[in-house]
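Asker: Structure in structure tokens, see below.
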Amino acid sequence: MHFFIDRERFVHDIQHVAKAVSSRTTIPILTGIKIVANSDGVTLTGSDSDISIETFIPLEDGDKQFITLKQEGSIVLQAKYFPDIVKKLPGDEVEIIVQDQFAATIKSGSAVFNLNGLDPEEYPRLPQLEEDLLFRLPQDMLKNMIRQTVFAVSTQETRPVLTGVNLESTHGELVCTATDSHRLALRKTKIERNDDELNFENVVIPGKSMNELNKIIEDSQELIDVVVTENQILFKLNNLLFFSRLLEGKYPVTKNMIPNQSKTTIFLQTKPLLQALERALLLSKEAKNNVITLKTLEDGMIEITSVSAEVGKVTEKIQSQSLEGEEMRISFNGKNVIDALKVIDSEEMKVEFTGAMSPFVIRPIEQEHYLHLFSPVRTY
């Protein structure tokens, strides 16, 4: 194998595929990045068997030439060293030569690196997925959906299915849900599809996959193709494929958890509440449960309190925009609510309470397509 390639484009694509490579894998070949050069261009692959990312760099795109191919071939190079080497090379162009026994030479400017490669034939083949179930949505929409849900997945392996984000679709609407059984984040959107009926449920994507995908997709209106199969999901971008395995197990039915009436409703500005909760948690940094108590007062005032037995107590009053219904006193995990408030894009929101020991809902005003649900905390 022998080719010259534009360094900037090479670095960009190597960094994408490197996100899928894990140093903890038990399969030695997966610690590397596979490089294949042929008459179409250069294909790079990284995988940890849960996530696989493949990118393709064409010989030329428009009037820009990326690659000069001298000889076709393939190799696997160690992801521990190879991305950093290419990133720090001095020239604008990189030359890669592979001789016998998978010995690779990487040249750029006056720098020459000789690396021992691995046999590309040992590298697992990426799955060929049937595209029976395919839909499209804009990249920025998907990015938002991930941002507004993935933080709520469980980090405990006791219920593995809760460590993922659940996708389901009915009547041209995609619903994205994440829960760790103490909190729930739900986001909906309309999707583009050729036929009207796209129905699926229990497609659970690992939270880790969602986080890595979020780093790759861009804030653009460009469409991304999503292909769903029984145990894999594929996201197809321009010159990039992102595969993830799906989690096994039945995702809990969350529709019934969301209360449809409330005893107390408070309308608030998002930012002042977020800042008040962050101040309330300053004293409970060491505590595990981050408990904050919220109490309604007269004239639409709300009192927020946090007590740490060792450190002290903080109390703050904030003015709501309006307060309807019964008096309310409730305790909750402040960190969970802060996480949700950080991803709410609306300046105003409403909090709906159904009782001191019942879950409560936060909904952004003017945005019906997402909500956050929280379990209260017993303080006695």
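By convention here, the chains of the structure tokens are called A, B, ... in the order presented, each chain's residues are numbered starting at 1, and ligands are numbered starting at 1 in the order presented.
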Excluding same-chain residues fewer than 2 positions from segment 218-231 of chain A, what lies within 10 Å of it counting only C-alpha atoms, as a ChimeraX atom specification?

Answerer: /A:129-144,192,200,202-205,213-216,233-238,241-248

Asker: To test your reading of the structure, identify every residue in segment 313-343 of chain A that backbone DSSP assigns to strand (DSSP E or B), and report it as a ChimeraX atom specification.

Answerer: /A:313-319,322-325,329-333

Asker: Hey, what's within 10 Å of Gly355 of chain A if we count only C-alpha atoms and toss same-chain stuff fewer than 3 positions away? As a PDB file with N, CA and C atoms, in the first residue's frame, please?

Answerer:
ATOM      1  N   SER A 262     -52.578  18.158  37.781  1.00  0.00           N
ATOM      2  CA  SER A 262     -51.706  18.586  38.872  1.00  0.00           C
ATOM      3  C   SER A 262     -52.500  19.324  39.938  1.00  0.00           C
ATOM      4  N   LYS A 263     -51.969  19.261  41.171  1.00  0.00           N
ATOM      5  CA  LYS A 263     -52.620  19.976  42.284  1.00  0.00           C
ATOM      6  C   LYS A 263     -52.030  21.379  42.433  1.00  0.00           C
ATOM      7  N   THR A 264     -50.752  21.495  42.069  1.00  0.00           N
ATOM      8  CA  THR A 264     -50.079  22.795  42.176  1.00  0.00           C
ATOM      9  C   THR A 264     -49.249  23.008  40.909  1.00  0.00           C
ATOM     10  N   GLU A 326     -52.802  24.201  45.336  1.00  0.00           N
ATOM     11  CA  GLU A 326     -52.604  24.023  46.778  1.00  0.00           C
ATOM     12  C   GLU A 326     -51.193  24.416  47.208  1.00  0.00           C
ATOM     13  N   GLU A 327     -51.046  24.616  48.540  1.00  0.00           N
ATOM     14  CA  GLU A 327     -49.696  24.822  49.103  1.00  0.00           C
ATOM     15  C   GLU A 327     -48.896  23.545  48.911  1.00  0.00           C
ATOM     16  N   MET A 328     -47.589  23.699  48.800  1.00  0.00           N
ATOM     17  CA  MET A 328     -46.767  22.538  48.435  1.00  0.00           C
ATOM     18  C   MET A 328     -45.442  22.566  49.181  1.00  0.00           C
ATOM     19  N   ARG A 329     -45.043  21.419  49.664  1.00  0.00           N
ATOM     20  CA  ARG A 329     -43.684  21.278  50.211  1.00  0.00           C
ATOM     21  C   ARG A 329     -43.187  19.933  49.713  1.00  0.00           C
ATOM     22  N   ILE A 330     -42.045  19.929  49.037  1.00  0.00           N
ATOM     23  CA  ILE A 330     -41.551  18.687  48.431  1.00  0.00           C
ATOM     24  C   ILE A 330     -40.025  18.683  48.443  1.00  0.00           C
ATOM     25  N   GLU A 352     -45.246  21.104  37.499  1.00  0.00           N
ATOM     26  CA  GLU A 352     -46.556  20.581  37.889  1.00  0.00           C
ATOM     27  C   GLU A 352     -46.385  19.525  38.978  1.00  0.00           C
ATOM     28  N   SER A 358     -45.459  12.349  45.246  1.00  0.00           N
ATOM     29  CA  SER A 358     -45.735  11.887  43.873  1.00  0.00           C
ATOM     30  C   SER A 358     -44.754  12.559  42.915  1.00  0.00           C
ATOM     31  N   PRO A 359     -44.477  11.903  41.779  1.00  0.00           N
ATOM     32  CA  PRO A 359     -43.566  12.504  40.808  1.00  0.00           C
ATOM     33  C   PRO A 359     -44.091  13.855  40.302  1.00  0.00           C
ATOM     34  N   PHE A 360     -43.158  14.761  39.980  1.00  0.00           N
ATOM     35  CA  PHE A 360     -43.552  16.060  39.423  1.00  0.00           C
ATOM     36  C   PHE A 360     -42.892  16.260  38.059  1.00  0.00           C
ATOM     37  N   PRO A 376     -39.891  12.407  43.958  1.00  0.00           N
ATOM     38  CA  PRO A 376     -39.476  13.145  45.163  1.00  0.00           C
ATOM     39  C   PRO A 376     -38.608  12.259  46.056  1.00  0.00           C
TER      40      PRO A 376
END

Asker: Which residues come within 6 Å of segment 274-287 of chain A, counting only C-alpha atoms, excluding same-chain residues fewer than 3 positions away, as a list in words?

Answerer: Lys271, Ser306, Ser308 and Val314 of chain A

Asker: Pull N, CA and C atoms from the residues just selected and write them as a PDB file, in the first residue's frame.

Answerer:
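The resulting result-v9.pdb:
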ATOM      1  N   LYS A 271     -33.695  30.279  34.206  1.00  0.00           N
ATOM      2  CA  LYS A 271     -32.332  30.591  34.673  1.00  0.00           C
ATOM      3  C   LYS A 271     -32.268  30.924  36.167  1.00  0.00           C
ATOM      4  N   SER A 306     -31.655  23.896  51.574  1.00  0.00           N
ATOM      5  CA  SER A 306     -30.814  22.696  51.586  1.00  0.00           C
ATOM      6  C   SER A 306     -30.042  22.668  52.894  1.00  0.00           C
ATOM      7  N   SER A 308     -27.168  20.649  55.295  1.00  0.00           N
ATOM      8  CA  SER A 308     -26.109  19.644  55.440  1.00  0.00           C
ATOM      9  C   SER A 308     -25.746  19.599  56.913  1.00  0.00           C
ATOM     10  N   VAL A 314     -28.747  26.433  53.849  1.00  0.00           N
ATOM     11  CA  VAL A 314     -28.937  27.568  52.929  1.00  0.00           C
ATOM     12  C   VAL A 314     -30.430  27.684  52.627  1.00  0.00           C
TER      13      VAL A 314
END

Asker: Figure out the distance between atom CA of Asp50 of chain A and atom CA of Tyr81 of chain A, please, to one decimal in Å.

Answerer: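 Separation between atom CA of Tyr81 of chain A and atom CA of Asp50 of chain A: 21.9 Å.
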
Asker: For Val291 of chain A, which residue out of A:Met349, A:Ile304, A:Val377, A:Met257 is the nearest one, using only C-alpha atoms?

Answerer: A:Val377

Asker: Please identify which residues in segment 195-282 of chain A DSSP calls alpha helix (DSSP H) from the backbone, and express them as a PyMOL selection string.

Answerer: chain A and resi 207-216+270-280

Asker: Store the residues of this selection in a file with N, CA and C atoms, as a PDB file, in the first residue's frame.

Answerer:
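Result went into result_28.pdb, see below:
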ATOM      1  N   GLY A 207     -26.304   4.599  26.141  1.00  0.00           N
ATOM      2  CA  GLY A 207     -26.008   6.016  26.373  1.00  0.00           C
ATOM      3  C   GLY A 207     -24.633   6.405  25.851  1.00  0.00           C
ATOM      4  N   LYS A 208     -23.673   5.486  25.990  1.00  0.00           N
ATOM      5  CA  LYS A 208     -22.300   5.762  25.511  1.00  0.00           C
ATOM      6  C   LYS A 208     -22.297   5.994  23.997  1.00  0.00           C
ATOM      7  N   SER A 209     -23.055   5.174  23.270  1.00  0.00           N
ATOM      8  CA  SER A 209     -23.130   5.340  21.811  1.00  0.00           C
ATOM      9  C   SER A 209     -23.714   6.703  21.455  1.00  0.00           C
ATOM     10  N   MET A 210     -24.770   7.084  22.181  1.00  0.00           N
ATOM     11  CA  MET A 210     -25.416   8.375  21.912  1.00  0.00           C
ATOM     12  C   MET A 210     -24.453   9.531  22.154  1.00  0.00           C
ATOM     13  N   ASN A 211     -23.676   9.442  23.240  1.00  0.00           N
ATOM     14  CA  ASN A 211     -22.713  10.509  23.537  1.00  0.00           C
ATOM     15  C   ASN A 211     -21.649  10.622  22.455  1.00  0.00           C
ATOM     16  N   GLU A 212     -21.152   9.471  21.981  1.00  0.00           N
ATOM     17  CA  GLU A 212     -20.122   9.503  20.924  1.00  0.00           C
ATOM     18  C   GLU A 212     -20.702  10.030  19.608  1.00  0.00           C
ATOM     19  N   LEU A 213     -21.935   9.601  19.291  1.00  0.00           N
ATOM     20  CA  LEU A 213     -22.585  10.070  18.063  1.00  0.00           C
ATOM     21  C   LEU A 213     -22.769  11.589  18.111  1.00  0.00           C
ATOM     22  N   ASN A 214     -23.128  12.079  19.298  1.00  0.00           N
ATOM     23  CA  ASN A 214     -23.370  13.517  19.456  1.00  0.00           C
ATOM     24  C   ASN A 214     -22.125  14.351  19.160  1.00  0.00           C
ATOM     25  N   LYS A 215     -20.937  13.755  19.408  1.00  0.00           N
ATOM     26  CA  LYS A 215     -19.684  14.488  19.143  1.00  0.00           C
ATOM     27  C   LYS A 215     -19.399  14.575  17.639  1.00  0.00           C
ATOM     28  N   ILE A 216     -20.004  13.664  16.876  1.00  0.00           N
ATOM     29  CA  ILE A 216     -19.697  13.573  15.443  1.00  0.00           C
ATOM     30  C   ILE A 216     -20.681  14.366  14.593  1.00  0.00           C
ATOM     31  N   THR A 270     -36.538  29.970  33.865  1.00  0.00           N
ATOM     32  CA  THR A 270     -35.628  28.819  33.977  1.00  0.00           C
ATOM     33  C   THR A 270     -34.307  29.188  34.657  1.00  0.00           C
ATOM     34  N   LYS A 271     -33.695  30.279  34.206  1.00  0.00           N
ATOM     35  CA  LYS A 271     -32.332  30.591  34.673  1.00  0.00           C
ATOM     36  C   LYS A 271     -32.268  30.924  36.167  1.00  0.00           C
ATOM     37  N   PRO A 272     -33.168  31.807  36.682  1.00  0.00           N
ATOM     38  CA  PRO A 272     -33.111  32.093  38.127  1.00  0.00           C
ATOM     39  C   PRO A 272     -33.284  30.845  38.989  1.00  0.00           C
ATOM     40  N   LEU A 273     -34.169  29.923  38.572  1.00  0.00           N
ATOM     41  CA  LEU A 273     -34.349  28.694  39.350  1.00  0.00           C
ATOM     42  C   LEU A 273     -33.077  27.841  39.294  1.00  0.00           C
ATOM     43  N   LEU A 274     -32.500  27.715  38.103  1.00  0.00           N
ATOM     44  CA  LEU A 274     -31.261  26.936  37.955  1.00  0.00           C
ATOM     45  C   LEU A 274     -30.172  27.489  38.872  1.00  0.00           C
ATOM     46  N   GLN A 275     -30.009  28.812  38.864  1.00  0.00           N
ATOM     47  CA  GLN A 275     -28.941  29.420  39.683  1.00  0.00           C
ATOM     48  C   GLN A 275     -29.214  29.255  41.169  1.00  0.00           C
ATOM     49  N   ALA A 276     -30.488  29.354  41.572  1.00  0.00           N
ATOM     50  CA  ALA A 276     -30.841  29.171  42.986  1.00  0.00           C
ATOM     51  C   ALA A 276     -30.556  27.739  43.441  1.00  0.00           C
ATOM     52  N   LEU A 277     -30.878  26.753  42.575  1.00  0.00           N
ATOM     53  CA  LEU A 277     -30.615  25.350  42.935  1.00  0.00           C
ATOM     54  C   LEU A 277     -29.106  25.097  43.018  1.00  0.00           C
ATOM     55  N   GLU A 278     -28.346  25.702  42.109  1.00  0.00           N
ATOM     56  CA  GLU A 278     -26.875  25.520  42.160  1.00  0.00           C
ATOM     57  C   GLU A 278     -26.308  26.101  43.452  1.00  0.00           C
ATOM     58  N   ARG A 279     -26.845  27.244  43.882  1.00  0.00           N
ATOM     59  CA  ARG A 279     -26.374  27.811  45.160  1.00  0.00           C
ATOM     60  C   ARG A 279     -26.779  26.904  46.325  1.00  0.00           C
ATOM     61  N   ALA A 280     -27.995  26.345  46.256  1.00  0.00           N
ATOM     62  CA  ALA A 280     -28.486  25.490  47.345  1.00  0.00           C
ATOM     63  C   ALA A 280     -27.619  24.245  47.519  1.00  0.00           C
TER      64      ALA A 280
END

Asker: Give me, as a ChimeraX atom specification, all polymer residues having an atom no more than 12 Å from Ser49 of chain A, counting only C-alpha atoms and skipping those fewer than 3 positions away in the same chain.

Answerer: /A:20-22,24-31,45-46,52-53,123-127,209,232,242-246

Asker: Write the residues of the selection above to a file with N, CA and C atoms, as a PDB file, in the first residue's frame.

Answerer:
ATOM      1  N   ALA A  20     -14.415   5.219  18.471  1.00  0.00           N
ATOM      2  CA  ALA A  20     -15.013   3.893  18.657  1.00  0.00           C
ATOM      3  C   ALA A  20     -14.021   2.882  19.216  1.00  0.00           C
ATOM      4  N   VAL A  21     -12.747   3.254  19.291  1.00  0.00           N
ATOM      5  CA  VAL A  21     -11.720   2.281  19.713  1.00  0.00           C
ATOM      6  C   VAL A  21     -11.558   2.336  21.223  1.00  0.00           C
ATOM      7  N   SER A  22     -11.596   1.164  21.867  1.00  0.00           N
ATOM      8  CA  SER A  22     -11.409   1.106  23.317  1.00  0.00           C
ATOM      9  C   SER A  22     -10.096   0.420  23.639  1.00  0.00           C
ATOM     10  N   ARG A  24      -9.622  -1.024  26.357  1.00  0.00           N
ATOM     11  CA  ARG A  24      -9.924  -2.120  27.282  1.00  0.00           C
ATOM     12  C   ARG A  24     -10.442  -3.373  26.578  1.00  0.00           C
ATOM     13  N   THR A  25     -10.440  -3.381  25.276  1.00  0.00           N
ATOM     14  CA  THR A  25     -10.997  -4.531  24.567  1.00  0.00           C
ATOM     15  C   THR A  25     -10.130  -5.781  24.769  1.00  0.00           C
ATOM     16  N   THR A  26     -10.784  -6.936  24.764  1.00  0.00           N
ATOM     17  CA  THR A  26     -10.044  -8.198  24.925  1.00  0.00           C
ATOM     18  C   THR A  26      -9.609  -8.745  23.569  1.00  0.00           C
ATOM     19  N   ILE A  27     -10.053  -8.074  22.481  1.00  0.00           N
ATOM     20  CA  ILE A  27      -9.679  -8.538  21.129  1.00  0.00           C
ATOM     21  C   ILE A  27      -8.564  -7.632  20.614  1.00  0.00           C
ATOM     22  N   PRO A  28      -7.317  -8.125  20.539  1.00  0.00           N
ATOM     23  CA  PRO A  28      -6.169  -7.262  20.218  1.00  0.00           C
ATOM     24  C   PRO A  28      -6.340  -6.444  18.931  1.00  0.00           C
ATOM     25  N   ILE A  29      -6.938  -7.035  17.892  1.00  0.00           N
ATOM     26  CA  ILE A  29      -7.033  -6.330  16.605  1.00  0.00           C
ATOM     27  C   ILE A  29      -7.891  -5.063  16.727  1.00  0.00           C
ATOM     28  N   LEU A  30      -8.833  -5.068  17.698  1.00  0.00           N
ATOM     29  CA  LEU A  30      -9.725  -3.907  17.847  1.00  0.00           C
ATOM     30  C   LEU A  30      -9.062  -2.731  18.559  1.00  0.00           C
ATOM     31  N   THR A  31      -7.805  -2.898  18.985  1.00  0.00           N
ATOM     32  CA  THR A  31      -7.079  -1.740  19.543  1.00  0.00           C
ATOM     33  C   THR A  31      -6.513  -0.876  18.416  1.00  0.00           C
ATOM     34  N   THR A  45     -11.643   2.555   9.639  1.00  0.00           N
ATOM     35  CA  THR A  45     -12.624   1.904  10.510  1.00  0.00           C
ATOM     36  C   THR A  45     -12.069   1.784  11.923  1.00  0.00           C
ATOM     37  N   GLY A  46     -12.934   2.099  12.904  1.00  0.00           N
ATOM     38  CA  GLY A  46     -12.599   1.867  14.313  1.00  0.00           C
ATOM     39  C   GLY A  46     -13.774   1.165  14.965  1.00  0.00           C
ATOM     40  N   SER A  52     -19.147   0.853  16.100  1.00  0.00           N
ATOM     41  CA  SER A  52     -18.205   0.824  14.974  1.00  0.00           C
ATOM     42  C   SER A  52     -18.409   2.085  14.152  1.00  0.00           C
ATOM     43  N   ILE A  53     -17.308   2.744  13.784  1.00  0.00           N
ATOM     44  CA  ILE A  53     -17.398   3.961  12.968  1.00  0.00           C
ATOM     45  C   ILE A  53     -16.529   3.767  11.739  1.00  0.00           C
ATOM     46  N   TYR A 123      -9.350  -8.265  10.973  1.00  0.00           N
ATOM     47  CA  TYR A 123     -10.283  -7.250  11.469  1.00  0.00           C
ATOM     48  C   TYR A 123     -11.718  -7.666  11.150  1.00  0.00           C
ATOM     49  N   PRO A 124     -12.635  -7.604  12.150  1.00  0.00           N
ATOM     50  CA  PRO A 124     -14.009  -8.057  11.889  1.00  0.00           C
ATOM     51  C   PRO A 124     -14.689  -7.214  10.802  1.00  0.00           C
ATOM     52  N   ARG A 125     -15.500  -7.867   9.993  1.00  0.00           N
ATOM     53  CA  ARG A 125     -16.250  -7.148   8.949  1.00  0.00           C
ATOM     54  C   ARG A 125     -17.424  -6.400   9.588  1.00  0.00           C
ATOM     55  N   LEU A 126     -17.719  -5.230   9.089  1.00  0.00           N
ATOM     56  CA  LEU A 126     -18.880  -4.489   9.589  1.00  0.00           C
ATOM     57  C   LEU A 126     -20.156  -5.143   9.065  1.00  0.00           C
ATOM     58  N   PRO A 127     -21.222  -5.107   9.860  1.00  0.00           N
ATOM     59  CA  PRO A 127     -22.461  -5.772   9.421  1.00  0.00           C
ATOM     60  C   PRO A 127     -23.069  -5.095   8.186  1.00  0.00           C
ATOM     61  N   SER A 209     -23.055   5.174  23.270  1.00  0.00           N
ATOM     62  CA  SER A 209     -23.130   5.340  21.811  1.00  0.00           C
ATOM     63  C   SER A 209     -23.714   6.703  21.455  1.00  0.00           C
ATOM     64  N   GLN A 232     -29.075  -3.982  15.866  1.00  0.00           N
ATOM     65  CA  GLN A 232     -28.116  -2.922  15.497  1.00  0.00           C
ATOM     66  C   GLN A 232     -28.880  -1.686  15.040  1.00  0.00           C
ATOM     67  N   PHE A 242     -22.034   5.150  11.304  1.00  0.00           N
ATOM     68  CA  PHE A 242     -21.902   4.954  12.743  1.00  0.00           C
ATOM     69  C   PHE A 242     -22.837   3.813  13.141  1.00  0.00           C
ATOM     70  N   PHE A 243     -22.251   2.669  13.496  1.00  0.00           N
ATOM     71  CA  PHE A 243     -23.025   1.495  13.925  1.00  0.00           C
ATOM     72  C   PHE A 243     -23.014   1.417  15.449  1.00  0.00           C
ATOM     73  N   SER A 244     -24.135   1.015  16.021  1.00  0.00           N
ATOM     74  CA  SER A 244     -24.145   0.702  17.446  1.00  0.00           C
ATOM     75  C   SER A 244     -25.004  -0.527  17.666  1.00  0.00           C
ATOM     76  N   ARG A 245     -24.562  -1.383  18.588  1.00  0.00           N
ATOM     77  CA  ARG A 245     -25.437  -2.490  18.971  1.00  0.00           C
ATOM     78  C   ARG A 245     -26.570  -1.913  19.808  1.00  0.00           C
ATOM     79  N   LEU A 246     -27.681  -2.615  19.865  1.00  0.00           N
ATOM     80  CA  LEU A 246     -28.804  -2.218  20.701  1.00  0.00           C
ATOM     81  C   LEU A 246     -28.781  -3.024  21.995  1.00  0.00           C
TER      82      LEU A 246
END
